[in-house]
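Student: What follows is target.cif, made up of mmCIF, C-alpha atoms:
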data_data
#
loop_
_atom_site.group_PDB
_atom_site.id
_atom_site.type_symbol
_atom_site.label_atom_id
_atom_site.label_comp_id
_atom_site.auth_asym_id
_atom_site.auth_seq_id
_atom_site.Cartn_x
_atom_site.Cartn_y
_atom_site.Cartn_z
ATOM 1 C CA MET U 160 24.360 -163.768 -51.852
ATOM 2 C CA THR U 161 28.014 -163.576 -52.705
ATOM 3 C CA LEU U 162 28.481 -162.239 -56.190
ATOM 4 C CA PHE U 163 32.251 -162.345 -56.084
ATOM 5 C CA ASN U 164 32.568 -165.806 -54.570
ATOM 6 C CA THR U 165 35.205 -166.603 -57.143
ATOM 7 C CA SER U 166 37.183 -163.509 -56.229
ATOM 8 C CA GLN U 167 39.815 -163.686 -53.537
ATOM 9 C CA PHE U 168 38.477 -160.309 -52.346
ATOM 10 C CA ALA U 169 34.852 -161.462 -51.864
ATOM 11 C CA ALA U 170 34.867 -161.249 -48.078
ATOM 12 C CA PHE U 171 36.315 -157.720 -48.115
ATOM 13 C CA ILE U 172 33.920 -156.411 -50.781
ATOM 14 C CA ASN U 173 30.855 -157.977 -49.183
ATOM 15 C CA GLY U 174 31.992 -156.881 -45.721
ATOM 16 C CA SER U 175 32.377 -153.241 -46.724
ATOM 17 C CA TYR U 176 28.975 -153.177 -48.453
ATOM 18 C CA ALA U 177 27.355 -154.956 -45.496
ATOM 19 C CA VAL U 178 28.735 -152.428 -42.995
ATOM 20 C CA SER U 179 27.536 -149.523 -45.132
ATOM 21 C CA VAL U 180 24.061 -150.920 -45.797
ATOM 22 C CA VAL U 181 23.531 -151.953 -42.164
ATOM 23 C CA PHE U 182 24.590 -148.479 -41.015
ATOM 24 C CA LEU U 183 22.344 -146.688 -43.519
ATOM 25 C CA VAL U 184 19.321 -148.882 -42.762
ATOM 26 C CA ALA U 185 19.805 -148.747 -38.978
ATOM 27 C CA VAL U 186 20.335 -144.991 -38.745
ATOM 28 C CA SER U 187 17.401 -144.354 -41.094
ATOM 29 C CA ALA U 188 15.098 -146.627 -39.052
ATOM 30 C CA LEU U 189 16.149 -145.002 -35.764
ATOM 31 C CA THR U 190 15.684 -141.509 -37.209
ATOM 32 C CA LEU U 191 12.266 -142.358 -38.641
ATOM 33 C CA ASP U 192 11.197 -143.831 -35.295
ATOM 34 C CA ARG U 193 12.379 -140.739 -33.409
ATOM 35 C CA TYR U 194 10.671 -138.399 -35.893
ATOM 36 C CA ARG U 195 7.348 -140.261 -35.724
ATOM 37 C CA ASN U 196 7.424 -140.405 -31.903
ATOM 38 C CA ALA U 197 8.214 -136.676 -31.673
ATOM 39 C CA ALA U 198 5.408 -135.796 -34.092
ATOM 40 C CA ARG U 199 2.925 -138.063 -32.286
ATOM 41 C CA ARG U 200 3.795 -136.693 -28.835
ATOM 42 C CA LEU U 201 3.577 -133.101 -30.047
ATOM 43 C CA ALA U 202 0.185 -133.744 -31.655
ATOM 44 C CA GLN U 203 -1.093 -135.406 -28.454
ATOM 45 C CA THR U 204 0.188 -132.559 -26.276
ATOM 46 C CA GLU U 205 -1.305 -129.887 -28.522
ATOM 47 C CA ALA U 206 -4.622 -131.760 -28.620
ATOM 48 C CA SER U 207 -4.775 -131.989 -24.827
ATOM 49 C CA LYS U 208 -4.161 -128.241 -24.329
ATOM 50 C CA MET J 627 17.326 -123.157 -24.294
ATOM 51 C CA ASN J 628 14.989 -120.176 -24.331
ATOM 52 C CA GLU J 629 11.525 -121.520 -25.055
ATOM 53 C CA ASN J 630 10.498 -118.400 -26.975
ATOM 54 C CA VAL J 631 12.785 -119.224 -29.844
ATOM 55 C CA LEU J 632 10.791 -122.324 -30.667
ATOM 56 C CA ALA J 633 7.651 -120.403 -31.408
ATOM 57 C CA PRO J 634 6.932 -119.902 -35.106
ATOM 58 C CA THR J 635 6.878 -116.156 -34.600
ATOM 59 C CA ALA J 636 9.890 -115.919 -32.345
ATOM 60 C CA LEU J 637 11.290 -112.784 -33.896
ATOM 61 C CA PRO J 638 9.833 -109.457 -32.838
ATOM 62 C CA SER J 639 7.182 -108.378 -35.293
ATOM 63 C CA GLY J 640 7.925 -105.223 -37.204
ATOM 64 C CA GLN J 641 11.656 -105.589 -36.671
ATOM 65 C CA LYS J 642 13.631 -105.688 -39.892
ATOM 66 C CA THR J 643 15.583 -108.915 -39.912
ATOM 67 C CA SER J 644 18.098 -110.398 -42.292
ATOM 68 C CA TRP J 645 17.187 -113.395 -44.458
ATOM 69 C CA LEU J 646 19.511 -115.404 -42.246
ATOM 70 C CA HIS J 647 17.512 -114.652 -39.132
ATOM 71 C CA ARG J 648 14.210 -115.215 -40.916
ATOM 72 C CA TYR J 649 15.153 -118.713 -42.086
ATOM 73 C CA ALA J 650 17.020 -119.628 -38.908
ATOM 74 C CA ASN J 651 13.749 -119.657 -37.029
ATOM 75 C CA PRO J 652 13.028 -123.220 -35.765
ATOM 76 C CA GLY J 653 9.285 -122.885 -36.319
ATOM 77 C CA ARG J 654 9.787 -121.815 -39.928
ATOM 78 C CA PHE J 655 12.394 -124.551 -40.412
ATOM 79 C CA LEU J 656 9.881 -127.137 -39.223
ATOM 80 C CA ARG J 657 7.229 -125.871 -41.617
ATOM 81 C CA LEU J 658 9.696 -126.061 -44.530
ATOM 82 C CA ALA J 659 11.180 -129.428 -43.480
ATOM 83 C CA LYS J 660 7.912 -131.343 -43.133
ATOM 84 C CA PRO J 661 6.893 -131.319 -46.808
ATOM 85 C CA SER J 662 10.527 -131.609 -47.994
ATOM 86 C CA LEU J 663 11.400 -134.737 -46.020
ATOM 87 C CA PRO J 664 9.493 -137.332 -48.114
ATOM 88 C CA TRP J 665 11.086 -135.954 -51.297
ATOM 89 C CA LEU J 666 14.550 -135.887 -49.767
ATOM 90 C CA ALA J 667 14.139 -139.432 -48.450
ATOM 91 C CA GLY J 668 12.844 -140.693 -51.811
ATOM 92 C CA PHE J 669 15.699 -139.215 -53.846
ATOM 93 C CA SER J 670 18.255 -140.386 -51.238
ATOM 94 C CA LEU J 671 16.970 -143.945 -51.439
ATOM 95 C CA ILE J 672 16.823 -144.060 -55.247
ATOM 96 C CA LEU J 673 20.294 -142.601 -55.783
ATOM 97 C CA THR J 674 22.009 -144.538 -52.997
ATOM 98 C CA VAL J 675 20.533 -147.881 -54.073
ATOM 99 C CA THR J 676 21.295 -147.164 -57.755
ATOM 100 C CA GLY J 677 24.889 -146.138 -57.035
ATOM 101 C CA LEU J 678 25.604 -149.090 -54.755
ATOM 102 C CA ILE J 679 24.021 -151.713 -57.053
ATOM 103 C CA TRP J 680 25.795 -150.237 -60.083
ATOM 104 C CA GLY J 681 29.124 -150.277 -58.280
ATOM 105 C CA TYR J 682 28.639 -153.744 -56.781
ATOM 106 C CA TYR J 683 27.256 -155.587 -59.836
ATOM 107 C CA PHE J 684 27.817 -153.667 -63.062
ATOM 108 C CA ALA J 685 30.882 -151.419 -62.822
ATOM 109 C CA PRO J 686 34.022 -152.927 -64.350
ATOM 110 C CA ALA J 687 36.809 -154.308 -62.185
ATOM 111 C CA ASP J 688 39.931 -152.169 -61.905
ATOM 112 C CA TRP J 689 42.852 -153.248 -64.106
ATOM 113 C CA GLU J 690 45.221 -153.165 -61.134
ATOM 114 C CA GLN J 691 43.101 -153.832 -58.029
ATOM 115 C CA GLY J 692 40.542 -156.127 -59.615
ATOM 116 C CA ASP J 693 37.170 -156.456 -57.885
ATOM 117 C CA ALA J 694 38.536 -154.969 -54.654
ATOM 118 C CA ALA J 695 38.130 -151.533 -56.248
ATOM 119 C CA ARG J 696 34.355 -151.970 -55.841
ATOM 120 C CA ILE J 697 34.858 -150.989 -52.197
ATOM 121 C CA MET J 698 35.446 -147.485 -53.605
ATOM 122 C CA TYR J 699 31.678 -147.065 -54.157
ATOM 123 C CA VAL J 700 31.000 -147.093 -50.417
ATOM 124 C CA HIS J 701 34.346 -145.880 -49.080
ATOM 125 C CA VAL J 702 34.731 -142.681 -51.124
ATOM 126 C CA PRO J 703 31.129 -141.400 -50.698
ATOM 127 C CA ALA J 704 31.330 -142.088 -46.944
ATOM 128 C CA ALA J 705 34.655 -140.201 -46.747
ATOM 129 C CA TRP J 706 33.301 -137.207 -48.676
ATOM 130 C CA VAL J 707 30.171 -137.045 -46.513
ATOM 131 C CA ALA J 708 32.238 -137.398 -43.334
ATOM 132 C CA MET J 709 34.305 -134.337 -44.313
ATOM 133 C CA ALA J 710 31.359 -132.310 -45.649
ATOM 134 C CA GLY J 711 29.450 -133.146 -42.478
ATOM 135 C CA TYR J 712 32.244 -131.780 -40.344
ATOM 136 C CA ALA J 713 32.394 -128.632 -42.495
ATOM 137 C CA ALA J 714 28.639 -128.216 -41.925
ATOM 138 C CA LEU J 715 29.210 -128.765 -38.200
ATOM 139 C CA ALA J 716 31.878 -126.046 -38.191
ATOM 140 C CA VAL J 717 29.579 -123.612 -40.058
ATOM 141 C CA ALA J 718 26.704 -124.325 -37.637
ATOM 142 C CA SER J 719 29.105 -123.811 -34.728
ATOM 143 C CA PHE J 720 30.272 -120.500 -36.200
ATOM 144 C CA PHE J 721 26.652 -119.296 -36.484
ATOM 145 C CA SER J 722 25.983 -120.551 -32.968
ATOM 146 C CA LEU J 723 28.939 -118.684 -31.473
ATOM 147 C CA ILE J 724 28.560 -115.432 -33.402
ATOM 148 C CA TRP J 725 24.805 -115.022 -33.789
ATOM 149 C CA ARG J 726 23.549 -117.429 -31.106
ATOM 150 C CA HIS J 727 21.059 -118.972 -33.513
ATOM 151 C CA PRO J 728 19.014 -121.669 -31.730
ATOM 152 C CA LEU J 729 18.687 -123.512 -35.045
ATOM 153 C CA ALA J 730 22.485 -123.583 -35.391
ATOM 154 C CA ASP J 731 22.734 -125.235 -31.950
ATOM 155 C CA ILE J 732 20.144 -127.823 -32.949
ATOM 156 C CA ALA J 733 21.942 -128.436 -36.270
ATOM 157 C CA ALA J 734 25.306 -128.921 -34.541
ATOM 158 C CA GLU J 735 23.783 -131.333 -32.036
ATOM 159 C CA GLU J 736 22.156 -133.442 -34.746
ATOM 160 C CA ILE J 737 24.989 -133.381 -37.328
ATOM 161 C CA GLY J 738 27.498 -134.904 -34.886
ATOM 162 C CA PRO J 739 26.139 -138.471 -34.530
ATOM 163 C CA VAL J 740 25.291 -138.797 -38.242
ATOM 164 C CA GLY J 741 28.717 -137.510 -39.281
ATOM 165 C CA ALA J 742 30.414 -139.860 -36.828
ATOM 166 C CA GLY J 743 28.493 -142.779 -38.357
ATOM 167 C CA PHE J 744 29.620 -141.950 -41.890
ATOM 168 C CA THR J 745 33.214 -141.538 -40.650
ATOM 169 C CA PHE J 746 32.978 -144.968 -39.024
ATOM 170 C CA VAL J 747 31.778 -146.481 -42.331
ATOM 171 C CA CYS J 748 34.684 -144.752 -44.094
ATOM 172 C CA LEU J 749 37.220 -146.151 -41.609
ATOM 173 C CA VAL J 750 35.835 -149.712 -41.657
ATOM 174 C CA SER J 751 35.462 -149.884 -45.455
ATOM 175 C CA GLY J 752 38.949 -148.388 -45.785
ATOM 176 C CA ALA J 753 40.377 -151.064 -43.489
ATOM 177 C CA LEU J 754 38.598 -153.753 -45.534
ATOM 178 C CA TRP J 755 40.100 -152.266 -48.706
ATOM 179 C CA GLY J 756 43.542 -151.896 -47.146
ATOM 180 C CA LYS J 757 43.935 -155.536 -46.123
ATOM 181 C CA PRO J 758 43.832 -157.060 -49.638
ATOM 182 C CA MET J 759 45.737 -154.151 -51.243
ATOM 183 C CA TRP J 760 48.358 -153.285 -48.630
ATOM 184 C CA GLY J 761 48.377 -156.461 -46.553
ATOM 185 C CA ALA J 762 47.224 -154.610 -43.431
ATOM 186 C CA TYR J 763 43.909 -153.355 -42.094
ATOM 187 C CA TRP J 764 45.541 -150.295 -40.633
ATOM 188 C CA VAL J 765 48.718 -148.285 -41.102
ATOM 189 C CA TRP J 766 49.608 -145.016 -39.361
ATOM 190 C CA ASP J 767 49.480 -143.211 -42.670
ATOM 191 C CA ALA J 768 48.776 -139.444 -42.759
ATOM 192 C CA ARG J 769 45.407 -139.861 -44.538
ATOM 193 C CA LEU J 770 44.184 -142.688 -42.312
ATOM 194 C CA THR J 771 45.365 -141.027 -39.117
ATOM 195 C CA SER J 772 43.787 -137.667 -39.975
ATOM 196 C CA VAL J 773 40.450 -139.379 -40.702
ATOM 197 C CA LEU J 774 40.715 -141.212 -37.368
ATOM 198 C CA VAL J 775 41.282 -137.796 -35.727
ATOM 199 C CA LEU J 776 38.110 -136.600 -37.517
ATOM 200 C CA PHE J 777 36.208 -139.516 -35.979
ATOM 201 C CA PHE J 778 37.509 -138.614 -32.507
ATOM 202 C CA LEU J 779 36.575 -134.963 -33.081
ATOM 203 C CA TYR J 780 33.021 -136.042 -33.871
ATOM 204 C CA LEU J 781 32.923 -138.222 -30.727
ATOM 205 C CA GLY J 782 34.372 -135.376 -28.636
ATOM 206 C CA HIS J 783 31.737 -133.006 -29.994
ATOM 207 C CA ILE J 784 28.913 -135.467 -29.241
ATOM 208 C CA ALA J 785 30.177 -135.913 -25.683
ATOM 209 C CA LEU J 786 30.933 -132.244 -24.994
ATOM 210 C CA ILE J 787 27.585 -130.897 -26.206
ATOM 211 C CA ARG J 788 25.834 -133.148 -23.656
ATOM 212 C CA ALA J 789 28.360 -132.775 -20.833
ATOM 213 C CA PHE J 790 26.902 -129.710 -19.081
ATOM 214 C CA ASP J 791 23.774 -129.273 -16.968
ATOM 215 C CA ASN J 792 23.192 -126.004 -18.777
ATOM 216 C CA PRO J 793 22.759 -126.958 -22.462
ATOM 217 C CA GLN J 794 23.983 -123.536 -23.642
ATOM 218 C CA HIS J 795 27.367 -124.123 -21.987
ATOM 219 C CA GLY J 796 27.599 -127.461 -23.783
ATOM 220 C CA HIS J 797 26.751 -125.883 -27.122
ATOM 221 C CA ARG J 798 29.364 -123.138 -26.686
ATOM 222 C CA ALA J 799 32.142 -125.531 -25.626
ATOM 223 C CA ALA J 800 31.303 -127.968 -28.440
ATOM 224 C CA ALA J 801 31.157 -125.122 -30.971
ATOM 225 C CA ILE J 802 34.692 -124.052 -30.030
ATOM 226 C CA LEU J 803 35.891 -127.668 -30.384
ATOM 227 C CA ALA J 804 34.189 -127.958 -33.796
ATOM 228 C CA LEU J 805 35.787 -124.738 -35.045
ATOM 229 C CA VAL J 806 39.266 -125.634 -33.801
ATOM 230 C CA GLY J 807 38.868 -129.140 -35.227
ATOM 231 C CA ALA J 808 38.031 -127.739 -38.660
ATOM 232 C CA VAL J 809 41.776 -127.301 -39.192
ATOM 233 C CA ASN J 810 41.839 -131.084 -39.664
ATOM 234 C CA LEU J 811 39.806 -130.869 -42.901
ATOM 235 C CA PRO J 812 42.547 -129.401 -45.146
ATOM 236 C CA ILE J 813 44.997 -131.783 -43.480
ATOM 237 C CA ILE J 814 42.819 -134.732 -44.591
ATOM 238 C CA VAL J 815 42.437 -133.376 -48.136
ATOM 239 C CA PHE J 816 46.100 -132.481 -48.700
ATOM 240 C CA SER J 817 47.670 -135.261 -46.592
ATOM 241 C CA VAL J 818 48.285 -137.345 -49.712
ATOM 242 C CA GLN J 819 50.213 -134.423 -51.264
ATOM 243 C CA TRP J 820 52.083 -133.151 -48.216
ATOM 244 C CA TRP J 821 53.392 -136.522 -47.052
ATOM 245 C CA ASN J 822 54.442 -139.788 -48.642
ATOM 246 C CA THR J 823 51.417 -141.890 -47.913
ATOM 247 C CA LEU J 824 50.422 -145.461 -48.601
ATOM 248 C CA HIS J 825 46.936 -144.163 -49.362
ATOM 249 C CA GLN J 826 46.524 -143.304 -53.028
ATOM 250 C CA GLY J 827 46.331 -139.695 -54.172
ATOM 251 C CA ASN J 828 43.102 -137.861 -54.982
ATOM 252 C CA THR J 829 41.400 -139.600 -57.914
ATOM 253 C CA ILE J 830 38.841 -136.862 -58.393
ATOM 254 C CA SER J 831 39.408 -133.180 -57.692
ATOM 255 C CA ILE J 832 37.408 -130.077 -58.469
ATOM 256 C CA SER J 833 40.366 -128.447 -60.255
ATOM 257 C CA GLY J 834 42.075 -131.497 -61.738
ATOM 258 C CA GLY J 835 39.105 -133.446 -63.106
ATOM 259 C CA SER J 836 38.793 -137.202 -62.876
ATOM 260 C CA LYS J 837 41.462 -139.846 -63.336
ATOM 261 C CA ILE J 838 38.978 -142.711 -63.621
ATOM 262 C CA TYR J 839 36.938 -143.784 -66.629
ATOM 263 C CA VAL J 840 33.250 -142.864 -66.883
ATOM 264 C CA THR J 841 32.053 -146.445 -66.362
ATOM 265 C CA MET J 842 33.486 -146.209 -62.853
ATOM 266 C CA LEU J 843 32.975 -142.466 -62.389
ATOM 267 C CA TYR J 844 29.190 -142.443 -62.922
ATOM 268 C CA PRO J 845 28.297 -145.021 -60.235
ATOM 269 C CA LEU J 846 30.744 -143.309 -57.894
ATOM 270 C CA LEU J 847 29.106 -139.907 -58.420
ATOM 271 C CA ILE J 848 25.577 -141.335 -58.133
ATOM 272 C CA ALA J 849 26.446 -143.158 -54.887
ATOM 273 C CA SER J 850 28.099 -139.964 -53.600
ATOM 274 C CA VAL J 851 25.065 -137.786 -54.337
ATOM 275 C CA GLY J 852 22.921 -140.496 -52.716
ATOM 276 C CA PHE J 853 25.098 -140.471 -49.579
ATOM 277 C CA TYR J 854 25.037 -136.650 -49.445
ATOM 278 C CA LEU J 855 21.245 -136.605 -49.767
ATOM 279 C CA THR J 856 20.952 -139.343 -47.142
ATOM 280 C CA PHE J 857 23.067 -137.270 -44.770
ATOM 281 C CA ILE J 858 20.925 -134.164 -45.417
ATOM 282 C CA THR J 859 17.695 -136.160 -44.980
ATOM 283 C CA LEU J 860 18.867 -137.679 -41.707
ATOM 284 C CA VAL J 861 20.042 -134.343 -40.301
ATOM 285 C CA VAL J 862 16.847 -132.508 -41.353
ATOM 286 C CA ALA J 863 14.690 -135.295 -39.859
ATOM 287 C CA ARG J 864 16.690 -135.306 -36.613
ATOM 288 C CA MET J 865 16.552 -131.503 -36.394
ATOM 289 C CA SER J 866 12.778 -131.578 -36.967
ATOM 290 C CA ALA J 867 12.378 -134.260 -34.299
ATOM 291 C CA SER J 868 14.513 -132.240 -31.882
ATOM 292 C CA ILE J 869 12.429 -129.088 -32.460
ATOM 293 C CA MET J 870 9.198 -131.035 -31.936
ATOM 294 C CA GLU J 871 10.587 -132.631 -28.734
ATOM 295 C CA LYS J 872 11.535 -129.199 -27.381
ATOM 296 C CA LYS J 873 8.162 -127.792 -28.328
ATOM 297 C CA THR J 874 6.380 -130.680 -26.543
ATOM 298 C CA ARG J 875 8.527 -130.180 -23.431
ATOM 299 C CA ASN J 876 7.770 -126.445 -23.390
ATOM 300 C CA LEU J 877 4.033 -127.072 -23.773
ATOM 301 C CA LEU J 878 4.084 -129.616 -20.942
ATOM 302 C CA LEU J 879 6.085 -127.236 -18.725
ATOM 303 C CA ALA J 880 3.688 -124.384 -19.475
ATOM 304 C CA ALA J 881 0.717 -126.648 -18.641
ATOM 305 C CA ALA J 882 2.369 -127.769 -15.389
ATOM 306 C CA GLU J 883 3.000 -124.130 -14.397
ATOM 307 C CA ARG J 884 -0.614 -123.200 -15.046
ATOM 308 C CA SER J 885 -2.020 -126.059 -12.982
#
Show the structure stored in the file as structure tokens.
Tutor:
Amino acid sequence: MTLFNTSQFAAFINGSYAVSVVFLVAVSALTLDRYRNAARRLAQTEASK
Amino acid sequence: MNENVLAPTALPSGQKTSWLHRYANPGRFLRLAKPSLPWLAGFSLILTVTGLIWGYYFAPADWEQGDAARIMYVHVPAAWVAMAGYAALAVASFFSLIWRHPLADIAAEEIGPVGAGFTFVCLVSGALWGKPMWGAYWVWDARLTSVLVLFFLYLGHIALIRAFDNPQHGHRAAAILALVGAVNLPIIVFSVQWWNTLHQGNTISISGGSKIYVTMLYPLLIASVGFYLTFITLVVARMSASIMEKKTRNLLLAAAERS
């Protein structure tokens, strides 16, 4: 969706928000994945002791 | 890294320790971080989404820059977090060098990539704001150049901390780089006062108050708090993951030695 499609700055505004949102979502997903994997592996290792 | 430090009771029992040493224990950090993370993540999400939607849809256009000023709601929070992140990196490096805290080493290692990401967002959103306002994506302006140096300092730190076979050597070398690089922070902040720059002066300062109206200030502050909390959440989660990975490795090594 382009809210500012009438604005001459639409591409710049949408671009800056897109970069920010993609970064925040990607880094959060990667961090969550790493955290869950680390917790799962630790639990497995402790259980197999 | 010494495996003993990862145990919840790493410090010698009966020894009187400072509050700093008590809370710098990775095991204790993990126990505190686990219940805090869902709350941190929830508040980060709510505030970041609120700030960005408010800035994008509902905040008024600037009288001079028009709708392009909406880029401020991602650019300024990212810039503030990039600088605060580096300050946190320098503090962690100081603790690492002086007191050899294992938690400080872990913090420094995990702050670097997150801080570099926020600096990248700041640089890209700044370039996208610069083109319609200045007619160029990039100019070798004091503010822009000093933030680019900050980005390179982050990248240098990320590379240096992983460049040695002995991780402790990497942490020491990277800590020295982080501390020396901290001189760049006041240069970034005061660059718009010390030199004639194309970049506008500070709109908000702790001593001088705000030069923007509340309808623009509130979404900016909410987005900023959201970005700060997101940074803290990501770093705490990465530090927790790193501690758990080290703990798993130590358990596996201990099991391999026994067998």
Student: For chain U, report every residue with an atom at most 9 Å from chain J (counting all atoms listed in the file), formatted as a PyMOL selection string.
Tutor: chain U and resi 162-163+166-176+178-179+182-183+186-187+190-191+193-198+200-202+204-205+208
Student: Go ahead and dump the residues you just picked, C-alpha atoms, as a JSON list (two decimals), keeping the file's coordinate frame.
Tutor:
[["chain", "number", "residue", "atom", "x", "y", "z"],
["U", 162, "LEU", "CA", 28.48, -162.24, -56.19],
["U", 163, "PHE", "CA", 32.25, -162.34, -56.08],
["U", 166, "SER", "CA", 37.18, -163.51, -56.23],
["U", 167, "GLN", "CA", 39.82, -163.69, -53.54],
["U", 168, "PHE", "CA", 38.48, -160.31, -52.35],
["U", 169, "ALA", "CA", 34.85, -161.46, -51.86],
["U", 170, "ALA", "CA", 34.87, -161.25, -48.08],
["U", 171, "PHE", "CA", 36.32, -157.72, -48.12],
["U", 172, "ILE", "CA", 33.92, -156.41, -50.78],
["U", 173, "ASN", "CA", 30.86, -157.98, -49.18],
["U", 174, "GLY", "CA", 31.99, -156.88, -45.72],
["U", 175, "SER", "CA", 32.38, -153.24, -46.72],
["U", 176, "TYR", "CA", 28.98, -153.18, -48.45],
["U", 178, "VAL", "CA", 28.74, -152.43, -43.00],
["U", 179, "SER", "CA", 27.54, -149.52, -45.13],
["U", 182, "PHE", "CA", 24.59, -148.48, -41.02],
["U", 183, "LEU", "CA", 22.34, -146.69, -43.52],
["U", 186, "VAL", "CA", 20.34, -144.99, -38.74],
["U", 187, "SER", "CA", 17.40, -144.35, -41.09],
["U", 190, "THR", "CA", 15.68, -141.51, -37.21],
["U", 191, "LEU", "CA", 12.27, -142.36, -38.64],
["U", 193, "ARG", "CA", 12.38, -140.74, -33.41],
["U", 194, "TYR", "CA", 10.67, -138.40, -35.89],
["U", 195, "ARG", "CA", 7.35, -140.26, -35.72],
["U", 196, "ASN", "CA", 7.42, -140.40, -31.90],
["U", 197, "ALA", "CA", 8.21, -136.68, -31.67],
["U", 198, "ALA", "CA", 5.41, -135.80, -34.09],
["U", 200, "ARG", "CA", 3.80, -136.69, -28.84],
["U", 201, "LEU", "CA", 3.58, -133.10, -30.05],
["U", 202, "ALA", "CA", 0.18, -133.74, -31.66],
["U", 204, "THR", "CA", 0.19, -132.56, -26.28],
["U", 205, "GLU", "CA", -1.30, -129.89, -28.52],
["U", 208, "LYS", "CA", -4.16, -128.24, -24.33]]
Student: List as a short mmCIF file (atom, residue, chain, number, x, y, z; two decimals) with C-alpha atoms, keeping the file's coordinate frame the residues having at least one atom at most 9 Å from position (35.7, -149.5, -64.8) as given in the file, counting only C-alpha atoms.
Tutor:
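The file below, part-v6.cif, is the result:
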data_model
loop_
_atom_site.label_atom_id
_atom_site.label_comp_id
_atom_site.auth_asym_id
_atom_site.auth_seq_id
_atom_site.Cartn_x
_atom_site.Cartn_y
_atom_site.Cartn_z
CA ALA J 685 30.88 -151.42 -62.82
CA PRO J 686 34.02 -152.93 -64.35
CA ALA J 687 36.81 -154.31 -62.18
CA ASP J 688 39.93 -152.17 -61.90
CA TRP J 689 42.85 -153.25 -64.11
CA ILE J 838 38.98 -142.71 -63.62
CA TYR J 839 36.94 -143.78 -66.63
CA VAL J 840 33.25 -142.86 -66.88
CA THR J 841 32.05 -146.44 -66.36
CA MET J 842 33.49 -146.21 -62.85
CA LEU J 843 32.98 -142.47 -62.39
#
Student: On this structure, the PyMOL selection byres ((chain J and resi 804-817) around 8) would catch which residues? List them as an NGL selection string, sorted by chain and number.
Tutor: :J and (709 or 712-713 or 715-716 or 719-720 or 768-769 or 772-773 or 775-776 or 779 or 783 or 800-803 or 818-821 or 823)
Student: Distance CA of Gly852 (chain J)-CA of Tyr780 (chain J), one decimal place?
Tutor: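 Distance between the two atoms: 21.8 Å.
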Student: Padding of 6 Å on every side, edges along x, y and z, all listed atoms of region 174-188 of chain U included: what centre and edge lengths in Å, to one decimal, does that box have, as lines of an AutoDock Vina configuration file?
Tutor:
center_x = 23.7
center_y = -150.6
center_z = -43.6
size_x = 29.3
size_y = 24.5
size_z = 21.7
Student: I'd like to see the residues matched by the PyMOL selection byres ((chain J and resi 798) around 12) on this file, and ideally I'd get them as a PyMOL selection string.
Tutor: chain J and resi 718-728+730-731+734-735+783+786-790+792-797+799-805
Student: Please report the interatomic distance between CA of Asn651 (chain J) and CA of Ser670 (chain J) in Å with one decimal.
Tutor: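 If I compute the distance from CA of Asn651 (chain J) to CA of Ser670 (chain J), I get 25.5 Å.
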